[in-house]
Amino acid sequence: MAFRSMSLPRSILVVGSGGREHAIVKALLRSPAKARIVCAPGNAGISKDVECAAVAADNVAGLVALVKKERIEFVVVGPEVPLSLGLVDELEKAGIPAYGPKADGALLEASKIFTKQILLKYGIPTAPAGFFSEVAPALEYLRTRKIPIVVKADGLAAGKGVVVAQTLEEAETAVREMLEGGKFGSSGKQILIEDCLYGEETSILVIVSGTDYLILPTSQDHKRAGDGDTGPNTGGMGTYSPAEVVTPELFQVIDKEIVLPSVEAIANEGIDFRGTLFVGIMLTPEGPQVLEYNTRFGDPETQVVLPRVENDLLELLWAAAKGTLKGHELRVSADHTLCVVIAAKGYPDAYGKGDLIEFPAQFPPGTDVIHAGTALDKEGRVVTAGGRVLGVTGRAGTLKEAAAKAYSLCGDIRCASKYYRNDIGAKQLNRR
Ligand code: AMP
Ligand code: GLY
């Protein structure tokens, strides 16, 4: 063990400003290596934990310059946008190791059509789909499929480019809005029309280094804005881990039929993937099927997954980046973790910013507050600055206790524009 930690980087840049990045920073702070951590651009909570640099996550040239100026030895990239802009490619040119795929690997998230083609080519379980850039053939195809049906913008749309249409009319509107109306801009110039899958979803986060990989603890997200899975899709309103719907047997099936063939397919396509492959899975009665790949940690999955990982996260991410992941074994806590996202009223549509957030003087044991869309105002007070504002987490021996802890703290955080779902974890709790 000692020889490994000796070679760990002494200075790390974490790129991003959301809850995911705050959770990554907190996990890296637990590393015995005690590396210096800088975050760009960070948020109010991150700035209380580590140094922040005011360079935006999509400013590739600015980030490379920051890395050189601050003598950063390792970069961990949080969000998808810098990955698809080629940040890791540029860092590689500058000789800086990074955790996160290069632009070719990031395309697995940035193009749903590219991913679907790979899934179909390698026989990885997924829903059948058609690809369109013109309205007329798309509408014709719709009439040949069963309703509900799913219409997806090909490109990045911050988790909002997917419409699960309950009627033919709704599907037709989505097609027209994306292809003609310019909804989602260039991301919606091409679309997929995909058969609807039914079941429970799970998020499988995998640390990948070429064909070596480690599957992180399971989790389940809550994508809809409202209780009981109602309202529009969001980036994610809350999570818990483990997702017990993934039984040990099902976990083996997911590994053998989805994760392993995915990792091999990606390598076979000539992509040297070193980063997180996040597989969104629907657990259908016919077996697990891939909904999507993301090429980064999930948000808010990371907030519940990383606290259960007992390994030194820095060691794992560094090994993945350097191609030495083989032989590492994951140690996972038996605790249950749950995260409730506090959002600003209006999210995922328009919402206000600049509302004061007041916290209780102390957070009870087994709870934590992870910052997402927060900033400091002129007086240094924490205010809202984004749609998803905070992730309030609970940790305990049972999911029920973890939920009770998180919800109790949610009630004690004051903010005029706050809203959150009241049923995070309910599906698993009610199943028992
Ligand atoms: P995606 O970004 O492709 O994961 O889609 C976002 C969300 O839309 C997923 O988490 C699902 O809740 C839903 N979704 C996507 N594809 C399908 C599908 N084929 N059937 C049912 N729901 C879907
Ligand atoms: N929570 C889903 C995502 O990170 O895309």
# chains A, B, ... in the order shown; residues from 1 in each chain; ligands from 1
>>> residues_near_ligand(ligand="ligand 1", cutoff="6 Å", atoms="only C-alpha atoms and all ligand atoms", output="PDB file with all heavy atoms, in the first residue's frame")
ATOM      1  N   ALA A 127     -33.557  -0.582 -25.655  1.00  0.00           N
ATOM      2  CA  ALA A 127     -34.807  -0.497 -26.419  1.00  0.00           C
ATOM      3  C   ALA A 127     -34.515  -0.220 -27.889  1.00  0.00           C
ATOM      4  O   ALA A 127     -33.591   0.534 -28.201  1.00  0.00           O
ATOM      5  CB  ALA A 127     -35.667   0.625 -25.850  1.00  0.00           C
ATOM      6  N   VAL A 150     -40.797   7.254 -26.497  1.00  0.00           N
ATOM      7  CA  VAL A 150     -39.828   8.205 -25.961  1.00  0.00           C
ATOM      8  C   VAL A 150     -39.131   8.944 -27.100  1.00  0.00           C
ATOM      9  O   VAL A 150     -38.635   8.310 -28.037  1.00  0.00           O
ATOM     10  CB  VAL A 150     -38.795   7.470 -25.076  1.00  0.00           C
ATOM     11  CG1 VAL A 150     -37.882   8.467 -24.380  1.00  0.00           C
ATOM     12  CG2 VAL A 150     -39.506   6.598 -24.045  1.00  0.00           C
ATOM     13  N   GLY A 159     -29.924  16.856 -19.111  1.00  0.00           N
ATOM     14  CA  GLY A 159     -30.883  15.893 -18.578  1.00  0.00           C
ATOM     15  C   GLY A 159     -32.329  16.202 -18.929  1.00  0.00           C
ATOM     16  O   GLY A 159     -33.243  15.563 -18.428  1.00  0.00           O
ATOM     17  N   VAL A 162     -35.275  14.649 -22.999  1.00  0.00           N
ATOM     18  CA  VAL A 162     -36.010  13.394 -23.176  1.00  0.00           C
ATOM     19  C   VAL A 162     -37.486  13.606 -22.865  1.00  0.00           C
ATOM     20  O   VAL A 162     -37.827  14.128 -21.810  1.00  0.00           O
ATOM     21  CB  VAL A 162     -35.445  12.297 -22.245  1.00  0.00           C
ATOM     22  CG1 VAL A 162     -36.288  11.032 -22.321  1.00  0.00           C
ATOM     23  CG2 VAL A 162     -33.989  12.002 -22.589  1.00  0.00           C
ATOM     24  N   GLU A 194     -37.585   6.136 -29.374  1.00  0.00           N
ATOM     25  CA  GLU A 194     -37.216   4.883 -28.717  1.00  0.00           C
ATOM     26  C   GLU A 194     -38.436   4.262 -28.060  1.00  0.00           C
ATOM     27  O   GLU A 194     -39.244   4.968 -27.465  1.00  0.00           O
ATOM     28  CB  GLU A 194     -36.163   5.239 -27.665  1.00  0.00           C
ATOM     29  CG  GLU A 194     -35.548   4.091 -26.959  1.00  0.00           C
ATOM     30  CD  GLU A 194     -34.410   4.562 -26.043  1.00  0.00           C
ATOM     31  OE1 GLU A 194     -33.460   5.221 -26.514  1.00  0.00           O
ATOM     32  OE2 GLU A 194     -34.503   4.290 -24.846  1.00  0.00           O
ATOM     33  N   ASP A 195     -38.553   2.945 -28.140  1.00  0.00           N
ATOM     34  CA  ASP A 195     -39.658   2.261 -27.462  1.00  0.00           C
ATOM     35  C   ASP A 195     -39.577   2.506 -25.966  1.00  0.00           C
ATOM     36  O   ASP A 195     -38.484   2.624 -25.405  1.00  0.00           O
ATOM     37  CB  ASP A 195     -39.606   0.755 -27.733  1.00  0.00           C
ATOM     38  CG  ASP A 195     -40.032   0.425 -29.152  1.00  0.00           C
ATOM     39  OD1 ASP A 195     -40.282   1.367 -29.933  1.00  0.00           O
ATOM     40  OD2 ASP A 195     -40.103  -0.770 -29.481  1.00  0.00           O
ATOM     41  N   CYS A 196     -40.734   2.562 -25.348  1.00  0.00           N
ATOM     42  CA  CYS A 196     -40.789   2.826 -23.912  1.00  0.00           C
ATOM     43  C   CYS A 196     -40.477   1.553 -23.138  1.00  0.00           C
ATOM     44  O   CYS A 196     -40.994   0.483 -23.454  1.00  0.00           O
ATOM     45  CB  CYS A 196     -42.178   3.341 -23.556  1.00  0.00           C
ATOM     46  SG  CYS A 196     -42.202   4.181 -21.997  1.00  0.00           S
ATOM     47  N   LEU A 197     -39.638   1.676 -22.132  1.00  0.00           N
ATOM     48  CA  LEU A 197     -39.322   0.550 -21.255  1.00  0.00           C
ATOM     49  C   LEU A 197     -40.020   0.773 -19.919  1.00  0.00           C
ATOM     50  O   LEU A 197     -40.205   1.916 -19.497  1.00  0.00           O
ATOM     51  CB  LEU A 197     -37.817   0.463 -21.025  1.00  0.00           C
ATOM     52  CG  LEU A 197     -36.959   0.193 -22.268  1.00  0.00           C
ATOM     53  CD1 LEU A 197     -35.476   0.303 -21.915  1.00  0.00           C
ATOM     54  CD2 LEU A 197     -37.263  -1.190 -22.840  1.00  0.00           C
ATOM     55  N   GLY A 280     -27.157   4.163 -17.114  1.00  0.00           N
ATOM     56  CA  GLY A 280     -28.542   4.293 -16.671  1.00  0.00           C
ATOM     57  C   GLY A 280     -29.283   3.047 -17.122  1.00  0.00           C
ATOM     58  O   GLY A 280     -29.278   2.717 -18.305  1.00  0.00           O
ATOM     59  N   LEU A 291     -30.571   2.465 -20.674  1.00  0.00           N
ATOM     60  CA  LEU A 291     -31.270   3.686 -21.096  1.00  0.00           C
ATOM     61  C   LEU A 291     -30.289   4.670 -21.708  1.00  0.00           C
ATOM     62  O   LEU A 291     -30.598   5.361 -22.666  1.00  0.00           O
ATOM     63  CB  LEU A 291     -31.930   4.361 -19.890  1.00  0.00           C
ATOM     64  CG  LEU A 291     -33.124   3.667 -19.263  1.00  0.00           C
ATOM     65  CD1 LEU A 291     -33.489   4.355 -17.953  1.00  0.00           C
ATOM     66  CD2 LEU A 291     -34.300   3.675 -20.223  1.00  0.00           C
ATOM     67  N   GLU A 292     -29.128   4.773 -21.105  1.00  0.00           N
ATOM     68  CA  GLU A 292     -28.142   5.751 -21.570  1.00  0.00           C
ATOM     69  C   GLU A 292     -26.812   5.473 -20.912  1.00  0.00           C
ATOM     70  O   GLU A 292     -26.724   4.780 -19.903  1.00  0.00           O
ATOM     71  CB  GLU A 292     -28.580   7.173 -21.196  1.00  0.00           C
ATOM     72  CG  GLU A 292     -28.631   7.366 -19.684  1.00  0.00           C
ATOM     73  CD  GLU A 292     -28.783   8.801 -19.213  1.00  0.00           C
ATOM     74  OE1 GLU A 292     -28.599   9.715 -20.016  1.00  0.00           O
ATOM     75  OE2 GLU A 292     -29.057   8.986 -18.019  1.00  0.00           O
TER      76      GLU A 292
END
>>> residues_around(residues="Ser209 (chain A)", least_positions_apart="2", cutoff="6 Å", atoms="only C-alpha atoms", output="number ranges by chain")
A: 212, 273-274, 320, 323
>>> residues_near_ligand(ligand="ligand 2", cutoff="9 Å", atoms="only C-alpha atoms and all ligand atoms", output="list in words")
Arg20, Pro79, Ala158, Gly159, Ser203, Gln220, Asp221, His222, Lys223, Thr234, Gly235, Gly236, Met237, Gly238, Thr239, Phe278, Gly280, Tyr293, Asn294, Arg296, Phe297, Gly298, Asp299, Pro300, Glu301 and Thr302 of chain A
>>> residues_around(residues="region 36-40 of chain A", least_positions_apart="6", cutoff="7 Å", atoms="only C-alpha atoms", output="number ranges by chain")
A: 10-16, 50-57
>>> atom_distance(atom1="CA of Arg143 (chain A)", atom2="CA of Ala157 (chain A)")
25.9 Å
>>> select_by_dssp(residues="region 238-431 of chain A", states="strand (DSSP E or B)", output="PyMOL selection string")
chain A and resi 238-241+274-284+287-294+309+332+336-344+356+358+367-371+374-376+382-384+388-396+414+418-419
>>> residues_around(residues="Pro137 (chain A)", least_positions_apart="6", cutoff="12 Å", atoms="only C-alpha atoms", output="count of residues only")
11
>>> residues_around(residues="region 362-366 of chain A", least_positions_apart="3", cutoff="7 Å", atoms="only C-alpha atoms", output="ChimeraX atom specification")
/A:394-396
>>> write_last_selection(atoms="all heavy atoms", output="short mmCIF file (atom, residue, chain, number, x, y, z; two decimals), in the first residue's frame")
data_model
loop_
_atom_site.label_atom_id
_atom_site.label_comp_id
_atom_site.auth_asym_id
_atom_site.auth_seq_id
_atom_site.Cartn_x
_atom_site.Cartn_y
_atom_site.Cartn_z
N GLY A 394 -28.41 11.92 4.55
CA GLY A 394 -28.49 11.19 5.80
C GLY A 394 -27.79 9.86 5.63
O GLY A 394 -27.78 9.30 4.53
N ARG A 395 -27.20 9.39 6.71
CA ARG A 395 -26.47 8.12 6.67
C ARG A 395 -26.77 7.36 7.95
O ARG A 395 -26.72 7.93 9.04
CB ARG A 395 -24.98 8.42 6.59
CG ARG A 395 -24.11 7.18 6.66
CD ARG A 395 -22.64 7.54 6.66
NE ARG A 395 -21.87 6.32 6.51
CZ ARG A 395 -20.80 6.19 5.75
NH1 ARG A 395 -20.35 7.21 5.08
NH2 ARG A 395 -20.18 5.05 5.66
N ALA A 396 -27.14 6.07 7.81
CA ALA A 396 -27.48 5.28 8.99
C ALA A 396 -27.43 3.80 8.62
O ALA A 396 -27.21 3.45 7.47
CB ALA A 396 -28.88 5.66 9.48
#
>>> closest_residue(among="A:Pro97, A:Gly411, A:Gly18, A:Gly226", to="Tyr347 (chain A)", atoms="only C-alpha atoms")
A:Gly226
>>> atom_distance(atom1="CA of Ala243 (chain A)", atom2="CA of Leu260 (chain A)")
20.2 Å
>>> closest_residue(among="A:Glu200, A:Glu169, A:Glu90, A:Asp423", to="Val67 (chain A)", atoms="only C-alpha atoms")
A:Glu90
>>> decode(residues="region 113-140 of chain A", atoms="C-alpha atoms", output="PDB file, in the first residue's frame")
ATOM      1  CA  ILE A 113     -27.383   8.143 -31.443  1.00  0.00           C
ATOM      2  CA  PHE A 114     -23.678   7.225 -31.252  1.00  0.00           C
ATOM      3  CA  THR A 115     -24.367   5.289 -28.048  1.00  0.00           C
ATOM      4  CA  LYS A 116     -27.441   3.537 -29.419  1.00  0.00           C
ATOM      5  CA  GLN A 117     -25.448   2.439 -32.465  1.00  0.00           C
ATOM      6  CA  ILE A 118     -22.785   0.900 -30.208  1.00  0.00           C
ATOM      7  CA  LEU A 119     -25.382  -0.793 -27.990  1.00  0.00           C
ATOM      8  CA  LEU A 120     -27.098  -2.314 -31.025  1.00  0.00           C
ATOM      9  CA  LYS A 121     -23.815  -3.280 -32.741  1.00  0.00           C
ATOM     10  CA  TYR A 122     -22.588  -5.202 -29.686  1.00  0.00           C
ATOM     11  CA  GLY A 123     -25.953  -6.706 -28.720  1.00  0.00           C
ATOM     12  CA  ILE A 124     -26.096  -4.951 -25.335  1.00  0.00           C
ATOM     13  CA  PRO A 125     -29.729  -4.971 -24.090  1.00  0.00           C
ATOM     14  CA  THR A 126     -31.489  -1.680 -24.944  1.00  0.00           C
ATOM     15  CA  ALA A 127     -34.807  -0.497 -26.419  1.00  0.00           C
ATOM     16  CA  PRO A 128     -35.166  -0.463 -30.218  1.00  0.00           C
ATOM     17  CA  ALA A 129     -34.971   3.034 -31.722  1.00  0.00           C
ATOM     18  CA  GLY A 130     -35.080   4.993 -34.969  1.00  0.00           C
ATOM     19  CA  PHE A 131     -32.850   8.002 -35.789  1.00  0.00           C
ATOM     20  CA  PHE A 132     -34.217  11.074 -37.587  1.00  0.00           C
ATOM     21  CA  SER A 133     -33.225  14.537 -38.747  1.00  0.00           C
ATOM     22  CA  GLU A 134     -36.426  15.224 -40.756  1.00  0.00           C
ATOM     23  CA  VAL A 135     -39.949  15.589 -39.387  1.00  0.00           C
ATOM     24  CA  ALA A 136     -41.931  13.588 -41.982  1.00  0.00           C
ATOM     25  CA  PRO A 137     -40.134  10.234 -41.614  1.00  0.00           C
ATOM     26  CA  ALA A 138     -40.082  10.704 -37.826  1.00  0.00           C
ATOM     27  CA  LEU A 139     -43.876  11.164 -37.746  1.00  0.00           C
ATOM     28  CA  GLU A 140     -44.307   8.166 -40.032  1.00  0.00           C
TER      29      GLU A 140
END
